[in-house]
file entry-v5.csv (CSV, C-alpha atoms)
chain,number,residue,atom,x,y,z
A,1,MET,CA,-11.9,93.4,-6.9
A,2,GLU,CA,-11.3,92.2,-10.5
A,3,ASP,CA,-9.4,95.5,-11.2
A,4,ALA,CA,-7.0,94.7,-8.4
A,5,ASP,CA,-6.4,91.2,-9.9
A,6,LYS,CA,-5.8,92.7,-13.4
A,7,GLY,CA,-3.4,95.2,-11.9
A,8,SER,CA,-1.3,92.6,-10.2
A,9,GLN,CA,-1.3,90.4,-13.4
A,10,GLY,CA,-0.3,93.4,-15.5
A,11,HIS,CA,3.0,93.8,-13.7
A,12,PRO,CA,4.6,90.3,-13.2
A,13,ASP,CA,8.0,91.8,-12.4
A,14,SER,CA,6.7,94.0,-9.6
A,15,ALA,CA,7.4,91.3,-6.9
A,16,PRO,CA,10.9,89.9,-6.7
A,17,GLU,CA,11.3,86.1,-7.0
A,18,VAL,CA,12.9,84.1,-4.2
A,19,GLY,CA,16.6,84.5,-4.4
A,20,GLU,CA,16.4,87.3,-6.9
A,21,ASP,CA,18.3,90.5,-6.0
A,22,ALA,CA,15.8,93.1,-5.0
A,23,VAL,CA,17.9,96.0,-6.3
A,24,THR,CA,17.8,94.4,-9.8
A,25,SER,CA,14.1,93.9,-9.7
A,26,VAL,CA,13.5,97.5,-8.6
A,27,GLY,CA,15.6,98.7,-11.5
A,28,ALA,CA,13.3,96.7,-13.9
A,29,ALA,CA,10.1,97.8,-12.2
A,30,SER,CA,11.2,101.4,-12.1
A,31,SER,CA,10.9,101.6,-15.9
A,32,THR,CA,7.2,100.9,-15.5
A,33,THR,CA,6.8,103.7,-12.9
A,34,PRO,CA,7.7,106.9,-14.7
A,35,ASP,CA,6.5,109.2,-11.8
A,36,LEU,CA,9.8,108.7,-9.8
A,37,THR,CA,12.7,111.0,-10.5
A,38,GLU,CA,16.2,109.7,-10.8
A,39,GLU,CA,17.1,111.1,-7.3
A,40,GLU,CA,14.1,109.4,-5.7
A,41,ARG,CA,14.9,106.1,-7.4
A,42,GLN,CA,18.5,106.3,-6.2
A,43,GLU,CA,17.4,107.0,-2.6
A,44,LEU,CA,15.0,104.1,-2.6
A,45,GLN,CA,17.6,101.8,-4.0
A,46,GLU,CA,20.0,102.9,-1.2
A,47,GLU,CA,17.3,102.4,1.4
A,48,LEU,CA,16.5,99.0,0.0
A,49,ALA,CA,20.1,97.9,0.1
A,50,LYS,CA,20.3,99.2,3.7
A,51,VAL,CA,17.2,97.3,4.8
A,52,GLU,CA,18.4,94.1,3.1
A,53,ASP,CA,21.8,94.5,4.9
A,54,GLU,CA,19.9,94.9,8.3
A,55,ILE,CA,17.8,91.8,7.5
A,56,GLN,CA,21.0,89.8,6.8
A,57,THR,CA,22.6,91.1,10.0
A,58,LEU,CA,19.5,90.2,12.1
A,59,SER,CA,19.4,86.7,10.5
A,60,GLN,CA,23.0,86.2,11.5
A,61,VAL,CA,22.3,87.4,15.0
A,62,LEU,CA,19.3,85.1,15.2
A,63,ALA,CA,21.4,82.1,14.0
A,64,SER,CA,24.0,82.9,16.7
A,65,LYS,CA,21.3,83.1,19.4
A,66,ASP,CA,19.8,79.8,18.2
A,67,LYS,CA,23.3,78.2,18.6
A,68,ARG,CA,23.7,79.6,22.0
A,69,LEU,CA,20.3,78.4,23.0
A,70,ALA,CA,21.0,74.9,21.8
A,71,GLU,CA,24.3,75.0,23.8
A,72,ILE,CA,22.7,76.1,27.0
A,73,LYS,CA,20.0,73.4,26.7
A,74,ARG,CA,22.6,70.8,26.0
A,75,LYS,CA,24.5,71.8,29.2
A,76,LEU,CA,21.3,71.8,31.2
A,77,GLY,CA,20.4,68.3,29.9
A,78,ILE,CA,17.2,69.5,28.2
A,79,THR,CA,16.6,67.3,25.2
A,80,PRO,CA,13.9,67.7,22.6
A,81,LEU,CA,12.1,64.8,24.2
A,82,ASN,CA,12.0,66.5,27.5
A,83,GLU,CA,10.7,69.7,25.9
A,84,LEU,CA,8.0,67.7,24.2
A,85,LYS,CA,7.0,66.1,27.5
A,86,GLN,CA,6.8,69.5,29.1
A,87,ASN,CA,4.8,70.9,26.3
A,88,ILE,CA,2.4,68.0,26.4
A,89,THR,CA,2.0,68.3,30.2
A,90,LYS,CA,1.4,72.0,29.9
A,91,THR,CA,-1.1,71.6,27.1
A,92,TRP,CA,-2.9,68.8,29.1
A,93,GLN,CA,-3.1,71.1,32.1
A,94,GLU,CA,-4.6,73.9,30.0
A,95,VAL,CA,-7.1,71.5,28.5
A,96,THR,CA,-8.2,70.0,31.8
A,97,THR,CA,-8.7,73.4,33.3
A,98,SER,CA,-10.7,74.7,30.4
A,99,THR,CA,-14.4,75.3,30.8
A,100,ALA,CA,-15.3,73.1,27.9
A,101,TYR,CA,-13.4,70.1,29.3
A,102,ARG,CA,-15.0,70.5,32.7
A,103,ARG,CA,-18.5,70.7,31.2
A,104,THR,CA,-17.9,67.7,29.0
A,105,SER,CA,-16.4,65.7,32.0
A,106,GLU,CA,-19.5,66.5,34.1
A,107,THR,CA,-21.9,65.6,31.3
A,108,LEU,CA,-20.1,62.2,30.8
A,109,SER,CA,-20.1,61.6,34.5
A,110,GLN,CA,-23.8,62.2,34.7
A,111,ALA,CA,-24.4,60.0,31.6
A,112,SER,CA,-22.4,57.2,33.2
A,113,LEU,CA,-24.5,57.4,36.4
A,114,LYS,CA,-27.7,57.3,34.4
A,115,ALA,CA,-26.5,54.4,32.3
A,116,THR,CA,-25.4,52.4,35.4
A,117,ALA,CA,-28.9,53.0,37.0
A,118,ALA,CA,-30.6,51.9,33.7
A,119,PHE,CA,-28.5,48.7,33.5
A,120,THR,CA,-29.3,48.0,37.2
A,121,ASN,CA,-33.0,48.4,36.6
A,122,MET,CA,-32.8,46.3,33.5
A,123,GLY,CA,-31.0,43.5,35.4
A,124,SER,CA,-33.6,43.6,38.1
A,125,ALA,CA,-36.5,43.4,35.6
A,126,ILE,CA,-34.9,40.5,33.8
A,127,THR,CA,-34.3,38.7,37.2
A,128,ARG,CA,-38.0,39.2,38.1
A,129,LYS,CA,-39.1,38.0,34.7
A,130,LEU,CA,-37.0,34.9,35.0
A,131,GLU,CA,-38.4,34.2,38.5
A,132,ASP,CA,-41.9,34.6,37.1
A,133,VAL,CA,-41.1,32.1,34.3
A,134,ARG,CA,-39.6,29.6,36.7
A,135,ASN,CA,-42.7,29.8,39.0
A,136,ALA,CA,-45.1,29.4,36.1
A,137,PRO,CA,-47.0,26.0,36.0
A,138,THR,CA,-45.7,25.2,32.6
A,139,PHE,CA,-42.1,25.5,33.6
A,140,ARG,CA,-42.7,23.5,36.8
A,141,SER,CA,-44.2,20.7,34.8
A,142,PHE,CA,-41.2,20.8,32.4
A,143,GLU,CA,-38.8,20.9,35.4
A,144,GLU,CA,-40.5,17.8,36.9
A,145,LYS,CA,-40.3,15.9,33.6
A,146,VAL,CA,-36.5,16.7,33.3
A,147,GLU,CA,-36.0,15.5,36.9
A,148,THR,CA,-37.8,12.3,36.2
A,149,LEU,CA,-35.8,11.7,33.0
A,150,LYS,CA,-32.6,12.4,35.0
A,151,THR,CA,-33.6,9.9,37.6
A,152,LYS,CA,-34.4,7.3,34.9
A,153,MET,CA,-31.1,7.9,33.1
A,154,THR,CA,-28.9,7.6,36.2
A,155,PRO,CA,-27.5,4.0,36.4
A,156,SER,CA,-28.3,2.3,39.7
A,157,PRO,CA,-25.5,0.4,41.2
A,158,SER,CA,-25.8,-3.4,40.9
A,159,THR,CA,-26.0,-5.5,44.0
A,160,SER,CA,-22.7,-7.2,43.3
A,161,GLU,CA,-20.8,-3.9,43.1
A,162,THR,CA,-22.6,-2.6,46.2
A,163,GLY,CA,-21.8,-5.8,48.1
A,164,ILE,CA,-18.1,-5.4,47.2
A,165,GLN,CA,-17.9,-1.8,48.1
A,166,ASP,CA,-20.1,-1.5,51.2
A,167,GLY,CA,-20.2,-5.1,52.3
A,168,GLY,CA,-24.0,-5.2,52.0
A,169,ASP,CA,-27.0,-3.3,50.9
A,170,SER,CA,-26.6,0.5,50.4
A,171,PRO,CA,-29.2,2.9,51.8
A,172,THR,CA,-28.7,5.1,48.7
A,173,ALA,CA,-29.4,2.2,46.4
A,174,GLU,CA,-32.6,1.3,48.3
A,175,ALA,CA,-33.9,4.8,48.2
A,176,SER,CA,-33.4,5.1,44.4
A,177,LEU,CA,-35.1,1.7,43.8
A,178,ASN,CA,-38.0,2.6,46.0
A,179,GLN,CA,-38.7,6.0,44.4
A,180,PRO,CA,-41.6,6.0,42.0
A,181,ASP,CA,-41.0,7.1,38.4
A,182,ASN,CA,-43.6,9.9,38.3
A,183,SER,CA,-42.9,11.5,41.7
A,184,PRO,CA,-42.2,15.2,41.8
A,185,SER,CA,-38.7,16.4,42.7
A,186,GLN,CA,-38.0,16.6,46.4
A,187,GLU,CA,-36.0,19.8,45.9
A,188,GLU,CA,-37.8,23.1,46.5
A,189,PRO,CA,-37.3,25.6,43.6
A,190,MET,CA,-35.4,28.8,44.6
A,191,HIS,CA,-37.4,32.0,44.8

call {"tool": "encode", "arguments": {"input": "entry-v5.csv", "output": "structure tokens"}}
result
Amino acid sequence: MEDADKGSQGHPDSAPEVGEDAVTSVGAASSTTPDLTEEERQELQEELAKVEDEIQTLSQVLASKDKRLAEIKRKLGITPLNELKQNITKTWQEVTTSTAYRRTSETLSQASLKATAAFTNMGSAITRKLEDVRNAPTFRSFEEKVETLKTKMTPSPSTSETGIQDGGDSPTAEASLNQPDNSPSQEEPMH
């Protein structure tokens, strides 16, 4: 492998540079290849000139065809944006019909179902635990104390305000005045 690298480094003029006339470079390289006769060298130079001419002709034909293509597309109203949209659509269709996409989609769908089930189970477990906590004696005692505090903090209407609003004693005011301070809440806890 190293011999091949040394051989290409030993002949820097063997490959023509971009824009350099190939016929000129062949003339310079031919001095390093003594095994070709003058006749063979002349034939190769003529063939090289012929191939370069064909390449130039093909390049001109290709440029002409490109112009014609652009003209036809313009007349049909096909813009580069439309082509891009069509290419994206086609590529997306190819992707979605691929086996890898289908497998991935199925896997993600199954994972989604499993995650949904897990979250549902977790929510149910949390709900059960909260119900257990609420039904615990400690929480009930705390709830009763909060209710008692709430009852004590609620201002009772004065008799003068009650008389003005209702024209007499209010049944609500009597009920709140007659209720003992340490009585448990009359509301049933939700199960």

call {"tool": "atom_distance", "arguments": {"input": "entry-v5.csv", "atom1": "CA of Thr116 (chain A)", "atom2": "CA of Glu131 (chain A)"}}
result
22.6 Å

call {"tool": "atom_distance", "arguments": {"input": "entry-v5.csv", "atom1": "CA of Arg140 (chain A)", "atom2": "CA of Arg128 (chain A)"}}
result
16.4 Å

call {"tool": "atom_distance", "arguments": {"input": "entry-v5.csv", "atom1": "CA of Arg68 (chain A)", "atom2": "CA of Pro80 (chain A)"}}
result
15.4 Å

call {"tool": "residues_around", "arguments": {"input": "entry-v5.csv", "residues": "Thr79 (chain A)", "least_positions_apart": "6", "cutoff": "10 Å", "atoms": "all atoms listed in the file", "output": "list in words"}}
result
Ala70, Lys73 and Lys85 of chain A
